[in-house]
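Participant: Just dropping this structure here.
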Amino acid sequence: MADGPAAAMSGEPEALAVVTQLRDLAADPMNRRAIVQDHGCLPGLILFLDHPNPQVVHSALLAIRYLAECRPNREKLKGELGMMLSLQNVVQKIGRESPKRVW
């Protein structure tokens with residue numbers, strides 16, 4: 001059986017539990033460099049950005065934000081395969097789903 005964030009993508013409760021745990025770990029500045037250096041965490045967070053559950057996506061975004069607060073992590077985050085495209089997709093999806101303001 002596979003372990004790690006990507007393995008949790010199949011089950012929604014499991015995905016939420018895993019991404020919440022990653023978010024909570026990333027909230028601690030002492031964990032941020034180790035999370036980015038781990039070979040499975042960033043690809044898992046990127047997969048969570050495309051999850052159908054908005055809570056999962058929100059937790060993944062928060063985790064990425066926390067990780068980016070550590071300056072040495074920023075280049076690794078930007079260069080991670082699929083990161084920028086997935087973030088653009090989230091922004092576009094939010095733009096399509098949010099109500100339009102009429103002034």
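Residue numbering restarts at 1 for every chain of the structure tokens, chains are lettered A, B, ... in their displayed order, and ligands are numbered from 1 as they appear.
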Any idea what's packed within 10 Å of segment 59-61 of chain A, counting only C-alpha atoms, ignoring anything in its chain fewer than 3 positions away? Could you give it as a CSV table (one decimal) with all heavy atoms, in the first residue's frame?

Facilitator:
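The new file result.csv reads:
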```
chain,number,residue,atom,x,y,z
A,16,LEU,N,-8.2,15.1,3.3
A,16,LEU,CA,-8.3,16.3,4.2
A,16,LEU,C,-7.5,16.1,5.4
A,16,LEU,O,-6.8,17.0,5.9
A,16,LEU,CB,-9.8,16.5,4.6
A,16,LEU,CG,-10.1,17.7,5.4
A,16,LEU,CD1,-9.6,19.0,4.7
A,16,LEU,CD2,-11.6,17.8,5.7
A,17,ALA,N,-7.4,14.9,6.0
A,17,ALA,CA,-6.6,14.6,7.1
A,17,ALA,C,-5.1,14.8,6.8
A,17,ALA,O,-4.4,15.4,7.6
A,17,ALA,CB,-6.8,13.2,7.7
A,18,VAL,N,-4.6,14.3,5.7
A,18,VAL,CA,-3.2,14.4,5.3
A,18,VAL,C,-2.8,15.9,5.1
A,18,VAL,O,-1.8,16.4,5.6
A,18,VAL,CB,-2.9,13.5,4.1
A,18,VAL,CG1,-1.5,13.8,3.6
A,18,VAL,CG2,-3.0,12.1,4.5
A,19,VAL,N,-3.6,16.6,4.3
A,19,VAL,CA,-3.3,17.9,4.0
A,19,VAL,C,-3.4,18.8,5.2
A,19,VAL,O,-2.6,19.8,5.4
A,19,VAL,CB,-4.1,18.5,2.8
A,19,VAL,CG1,-5.6,18.8,3.2
A,19,VAL,CG2,-3.4,19.7,2.2
A,20,THR,N,-4.3,18.5,6.1
A,20,THR,CA,-4.4,19.3,7.3
A,20,THR,C,-3.2,19.1,8.2
A,20,THR,O,-2.7,20.0,8.8
A,20,THR,CB,-5.7,18.9,8.1
A,20,THR,OG1,-6.8,19.2,7.3
A,20,THR,CG2,-5.8,19.7,9.4
A,21,GLN,N,-2.7,17.8,8.2
A,21,GLN,CA,-1.5,17.6,9.0
A,21,GLN,C,-0.3,18.3,8.4
A,21,GLN,O,0.5,18.9,9.1
A,21,GLN,CB,-1.2,16.1,9.1
A,21,GLN,CG,-0.1,15.7,10.0
A,21,GLN,CD,0.1,14.2,10.1
A,21,GLN,OE1,-0.5,13.4,9.3
A,21,GLN,NE2,0.8,13.8,11.2
A,22,LEU,N,-0.2,18.3,7.1
A,22,LEU,CA,0.9,19.0,6.4
A,22,LEU,C,0.8,20.5,6.7
A,22,LEU,O,1.8,21.1,6.9
A,22,LEU,CB,0.9,18.7,4.9
A,22,LEU,CG,1.5,17.5,4.4
A,22,LEU,CD1,1.2,17.3,2.9
A,22,LEU,CD2,3.0,17.5,4.6
A,23,ARG,N,-0.4,21.0,6.6
A,23,ARG,CA,-0.6,22.5,6.9
A,23,ARG,C,-0.1,22.8,8.3
A,23,ARG,O,0.6,23.8,8.6
A,23,ARG,CB,-2.1,22.8,6.7
A,23,ARG,CG,-2.4,24.3,7.0
A,23,ARG,CD,-3.8,24.5,7.4
A,23,ARG,NE,-4.1,23.8,8.6
A,23,ARG,CZ,-5.4,23.4,8.9
A,23,ARG,NH1,-6.4,23.6,8.1
A,23,ARG,NH2,-5.6,22.8,10.1
A,24,ASP,N,-0.5,21.9,9.3
A,24,ASP,CA,-0.2,22.2,10.7
A,24,ASP,C,1.3,22.1,10.9
A,24,ASP,O,1.9,22.8,11.6
A,24,ASP,CB,-0.9,21.2,11.6
A,24,ASP,CG,-2.4,21.5,11.6
A,24,ASP,OD1,-2.9,22.5,11.1
A,24,ASP,OD2,-3.2,20.6,12.1
A,42,LEU,N,6.0,18.2,-1.4
A,42,LEU,CA,5.6,19.2,-2.4
A,42,LEU,C,4.7,18.6,-3.5
A,42,LEU,O,3.7,19.1,-3.9
A,42,LEU,CB,6.8,19.9,-3.0
A,42,LEU,CG,7.4,20.9,-2.0
A,42,LEU,CD1,8.6,21.7,-2.8
A,42,LEU,CD2,6.5,21.9,-1.5
A,44,GLY,N,2.8,16.1,-3.3
A,44,GLY,CA,1.5,15.8,-2.7
A,44,GLY,C,0.7,17.1,-2.6
A,44,GLY,O,-0.5,17.1,-2.9
A,45,LEU,N,1.3,18.2,-2.1
A,45,LEU,CA,0.6,19.5,-2.0
A,45,LEU,C,0.1,19.9,-3.3
A,45,LEU,O,-1.0,20.5,-3.4
A,45,LEU,CB,1.5,20.5,-1.3
A,45,LEU,CG,1.7,20.4,0.2
A,45,LEU,CD1,2.7,21.4,0.7
A,45,LEU,CD2,0.3,20.7,0.9
A,46,ILE,N,0.9,19.8,-4.4
A,46,ILE,CA,0.5,20.2,-5.7
A,46,ILE,C,-0.8,19.4,-6.1
A,46,ILE,O,-1.7,19.9,-6.7
A,46,ILE,CB,1.6,20.0,-6.7
A,46,ILE,CG1,2.7,21.0,-6.4
A,46,ILE,CG2,1.1,20.2,-8.1
A,46,ILE,CD1,4.0,20.8,-7.1
A,47,LEU,N,-0.8,18.1,-5.9
A,47,LEU,CA,-2.0,17.3,-6.2
A,47,LEU,C,-3.2,17.8,-5.4
A,47,LEU,O,-4.3,17.8,-6.0
A,47,LEU,CB,-1.7,15.8,-5.9
A,47,LEU,CG,-0.7,15.1,-6.8
A,47,LEU,CD1,-0.4,13.7,-6.3
A,47,LEU,CD2,-1.2,15.1,-8.3
A,48,PHE,N,-3.0,18.1,-4.2
A,48,PHE,CA,-4.1,18.6,-3.4
A,48,PHE,C,-4.7,19.9,-3.9
A,48,PHE,O,-5.9,20.2,-3.7
A,48,PHE,CB,-3.7,18.8,-1.9
A,48,PHE,CG,-3.5,17.5,-1.2
A,48,PHE,CD1,-2.4,17.3,-0.4
A,48,PHE,CD2,-4.4,16.4,-1.3
A,48,PHE,CE1,-2.2,16.1,0.3
A,48,PHE,CE2,-4.2,15.3,-0.6
A,48,PHE,CZ,-3.1,15.1,0.2
A,49,LEU,N,-4.0,20.7,-4.7
A,49,LEU,CA,-4.5,21.9,-5.3
A,49,LEU,C,-5.6,21.7,-6.3
A,49,LEU,O,-6.4,22.5,-6.6
A,49,LEU,CB,-3.3,22.7,-5.9
A,49,LEU,CG,-2.3,23.3,-4.9
A,49,LEU,CD1,-1.2,24.0,-5.7
A,49,LEU,CD2,-3.0,24.3,-4.0
A,50,ASP,N,-5.6,20.5,-6.9
A,50,ASP,CA,-6.6,20.1,-7.9
A,50,ASP,C,-7.7,19.2,-7.3
A,50,ASP,O,-8.6,18.7,-8.0
A,50,ASP,CB,-5.9,19.3,-9.0
A,50,ASP,CG,-4.9,20.1,-9.8
A,50,ASP,OD1,-5.2,21.3,-10.0
A,50,ASP,OD2,-3.9,19.6,-10.2
A,51,HIS,N,-7.8,19.1,-6.0
A,51,HIS,CA,-8.8,18.3,-5.3
A,51,HIS,C,-10.2,18.9,-5.4
A,51,HIS,O,-10.3,20.2,-5.4
A,51,HIS,CB,-8.4,18.1,-3.8
A,51,HIS,CG,-9.1,16.9,-3.2
A,51,HIS,ND1,-10.3,17.0,-2.7
A,51,HIS,CD2,-8.6,15.7,-3.0
A,51,HIS,CE1,-10.7,15.8,-2.2
A,51,HIS,NE2,-9.6,15.0,-2.4
A,54,PRO,N,-13.1,21.9,-1.6
A,54,PRO,CA,-12.5,23.2,-1.3
A,54,PRO,C,-11.7,23.3,0.0
A,54,PRO,O,-10.7,24.1,0.1
A,54,PRO,CB,-13.7,24.2,-1.3
A,54,PRO,CG,-14.8,23.5,-1.9
A,54,PRO,CD,-14.5,22.0,-1.8
A,55,GLN,N,-12.1,22.5,1.0
A,55,GLN,CA,-11.3,22.5,2.2
A,55,GLN,C,-9.9,22.0,2.0
A,55,GLN,O,-8.9,22.4,2.7
A,55,GLN,CB,-12.0,21.7,3.3
A,55,GLN,CG,-13.3,22.3,3.8
A,55,GLN,CD,-13.9,21.4,4.9
A,55,GLN,OE1,-14.4,20.3,4.5
A,55,GLN,NE2,-14.0,21.9,6.1
A,56,VAL,N,-9.8,21.0,1.2
A,56,VAL,CA,-8.5,20.4,0.9
A,56,VAL,C,-7.6,21.4,0.2
A,56,VAL,O,-6.5,21.6,0.5
A,56,VAL,CB,-8.6,19.1,0.1
A,56,VAL,CG1,-7.3,18.6,-0.4
A,56,VAL,CG2,-9.4,18.0,0.9
A,64,ILE,N,1.3,25.9,1.6
A,64,ILE,CA,2.3,26.4,0.6
A,64,ILE,C,2.7,27.9,1.0
A,64,ILE,O,3.8,28.3,1.0
A,64,ILE,CB,1.7,26.4,-0.8
A,64,ILE,CG1,1.6,25.0,-1.3
A,64,ILE,CG2,2.5,27.3,-1.8
A,64,ILE,CD1,0.8,24.8,-2.5
A,65,ARG,N,1.7,28.6,1.5
A,65,ARG,CA,2.0,30.0,2.0
A,65,ARG,C,3.0,29.9,3.2
A,65,ARG,O,3.9,30.7,3.2
A,65,ARG,CB,0.7,30.6,2.4
A,65,ARG,CG,1.0,32.0,3.0
A,65,ARG,CD,-0.3,32.7,3.6
A,65,ARG,NE,0.2,33.6,4.6
A,65,ARG,CZ,-0.4,33.6,5.8
A,65,ARG,NH1,-1.4,32.9,6.1
A,65,ARG,NH2,0.1,34.5,6.7
A,66,TYR,N,2.7,29.0,4.1
A,66,TYR,CA,3.6,28.9,5.3
A,66,TYR,C,5.0,28.5,4.8
A,66,TYR,O,6.0,29.1,5.3
A,66,TYR,CB,3.1,27.8,6.3
A,66,TYR,CG,1.9,28.2,7.0
A,66,TYR,CD1,0.9,27.2,7.3
A,66,TYR,CD2,1.6,29.5,7.5
A,66,TYR,CE1,-0.3,27.5,8.0
A,66,TYR,CE2,0.5,29.8,8.2
A,66,TYR,CZ,-0.5,28.8,8.4
A,66,TYR,OH,-1.6,29.1,9.1
A,67,LEU,N,5.1,27.6,3.9
A,67,LEU,CA,6.4,27.1,3.4
A,67,LEU,C,7.1,28.3,2.7
A,67,LEU,O,8.4,28.4,2.8
A,67,LEU,CB,6.3,26.0,2.4
A,67,LEU,CG,5.7,24.7,3.0
A,67,LEU,CD1,5.5,23.6,2.0
A,67,LEU,CD2,6.6,24.1,4.1
A,87,LEU,N,-1.3,26.5,-9.3
A,87,LEU,CA,-1.7,27.7,-8.6
A,87,LEU,C,-2.6,28.6,-9.6
A,87,LEU,O,-3.6,29.2,-9.2
A,87,LEU,CB,-0.5,28.5,-8.1
A,87,LEU,CG,0.2,27.9,-6.9
A,87,LEU,CD1,1.5,28.6,-6.6
A,87,LEU,CD2,-0.7,27.9,-5.7
A,90,VAL,N,-6.0,27.2,-9.8
A,90,VAL,CA,-6.8,27.6,-8.6
A,90,VAL,C,-7.4,29.0,-8.7
A,90,VAL,O,-8.5,29.3,-8.5
A,90,VAL,CB,-6.0,27.4,-7.3
A,90,VAL,CG1,-6.7,28.0,-6.1
A,90,VAL,CG2,-5.7,25.9,-7.0
```

Participant: Please, which residues of chain A, numbered as in this document, come out helix (DSSP H, G or I) from DSSP, as an MDAnalysis selection string?

Facilitator: chainID A and resid 6:10 12:26 29:37 41:48 54:68 71:79 83:97

Participant: Just the residues within 8 Å of Cys70 of chain A, please, counting only C-alpha atoms, with nothing from its chain fewer than 5 positions along; format it as a VMD selection string.

Facilitator: chain A and resid 29 32 to 33

Participant: Please produce an output containing all heavy atoms for each residue in the selection, written as a PDB file, in the first residue's frame.

Facilitator:
```pdb
ATOM      1  N   PRO A  29       7.576  27.249  11.924  1.00  0.00           N
ATOM      2  CA  PRO A  29       8.749  27.643  11.141  1.00  0.00           C
ATOM      3  C   PRO A  29       9.910  26.647  11.211  1.00  0.00           C
ATOM      4  O   PRO A  29      10.693  26.549  10.265  1.00  0.00           O
ATOM      5  CB  PRO A  29       9.157  28.986  11.754  1.00  0.00           C
ATOM      6  CG  PRO A  29       7.904  29.527  12.360  1.00  0.00           C
ATOM      7  CD  PRO A  29       7.138  28.318  12.832  1.00  0.00           C
ATOM      8  N   ARG A  32       9.639  24.002   8.186  1.00  0.00           N
ATOM      9  CA  ARG A  32       9.432  24.432   6.799  1.00  0.00           C
ATOM     10  C   ARG A  32      10.518  23.973   5.835  1.00  0.00           C
ATOM     11  O   ARG A  32      10.217  23.526   4.738  1.00  0.00           O
ATOM     12  CB  ARG A  32       9.251  25.946   6.750  1.00  0.00           C
ATOM     13  CG  ARG A  32       7.947  26.345   7.419  1.00  0.00           C
ATOM     14  CD  ARG A  32       7.761  27.827   7.497  1.00  0.00           C
ATOM     15  NE  ARG A  32       6.509  28.092   8.227  1.00  0.00           N
ATOM     16  CZ  ARG A  32       6.197  29.236   8.744  1.00  0.00           C
ATOM     17  NH1 ARG A  32       7.003  30.276   8.608  1.00  0.00           N
ATOM     18  NH2 ARG A  32       5.068  29.382   9.405  1.00  0.00           N
ATOM     19  N   ARG A  33      11.759  24.060   6.214  1.00  0.00           N
ATOM     20  CA  ARG A  33      12.827  23.630   5.303  1.00  0.00           C
ATOM     21  C   ARG A  33      12.787  22.123   5.095  1.00  0.00           C
ATOM     22  O   ARG A  33      12.972  21.634   3.978  1.00  0.00           O
ATOM     23  CB  ARG A  33      14.178  24.083   5.827  1.00  0.00           C
ATOM     24  CG  ARG A  33      14.310  25.608   5.725  1.00  0.00           C
ATOM     25  CD  ARG A  33      15.675  26.072   6.025  1.00  0.00           C
ATOM     26  NE  ARG A  33      16.487  25.899   4.816  1.00  0.00           N
ATOM     27  CZ  ARG A  33      17.718  26.341   4.708  1.00  0.00           C
ATOM     28  NH1 ARG A  33      18.287  26.966   5.707  1.00  0.00           N
ATOM     29  NH2 ARG A  33      18.394  26.148   3.604  1.00  0.00           N
TER      30      ARG A  33
END
```

Participant: For the atom pair atom CA of Leu25 of chain A and atom CA of Ala63 of chain A, what is the interatomic distance in Å to one decimal place?

Facilitator: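 So the two atoms, atom CA of Leu25 of chain A and atom CA of Ala63 of chain A, lie 8.2 Å apart.
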
Participant: Residues within 8 Å of Leu77 of chain A, please, as a PyMOL selection string. Count only C-alpha atoms; anything in the same chain fewer than 3 positions from it doesn't count.

Facilitator: chain A and resi 36+42+68+73-74+80+83

Participant: Please produce an output containing C-alpha atoms for each residue in the selection, written as an mmCIF file, in the first residue's frame.

Facilitator:
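So the final result, stored in selection09.cif, reads:
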```cif
data_model
loop_
_atom_site.group_PDB
_atom_site.id
_atom_site.type_symbol
_atom_site.label_atom_id
_atom_site.label_comp_id
_atom_site.auth_asym_id
_atom_site.auth_seq_id
_atom_site.Cartn_x
_atom_site.Cartn_y
_atom_site.Cartn_z
ATOM 1 C CA VAL A 36 10.348 21.353 1.208
ATOM 2 C CA LEU A 42 5.580 19.179 -2.417
ATOM 3 C CA ALA A 68 6.992 30.266 1.252
ATOM 4 C CA ASN A 73 12.154 27.652 0.134
ATOM 5 C CA ARG A 74 10.810 30.076 -2.447
ATOM 6 C CA GLU A 80 8.561 22.364 -8.400
ATOM 7 C CA MET A 83 3.303 24.193 -8.861
#
```

Participant: Record the distance separating atom CA of Gln37 of chain A and atom CA of Ile94 of chain A, expressed in Å with one decimal.

Facilitator: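 That distance, rounded to one decimal, is 29.4 Å.
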
Participant: How many Å lie between atom CA of Pro43 of chain A and atom CA of Pro72 of chain A, rounded to one decimal?

Facilitator: 18.0 Å
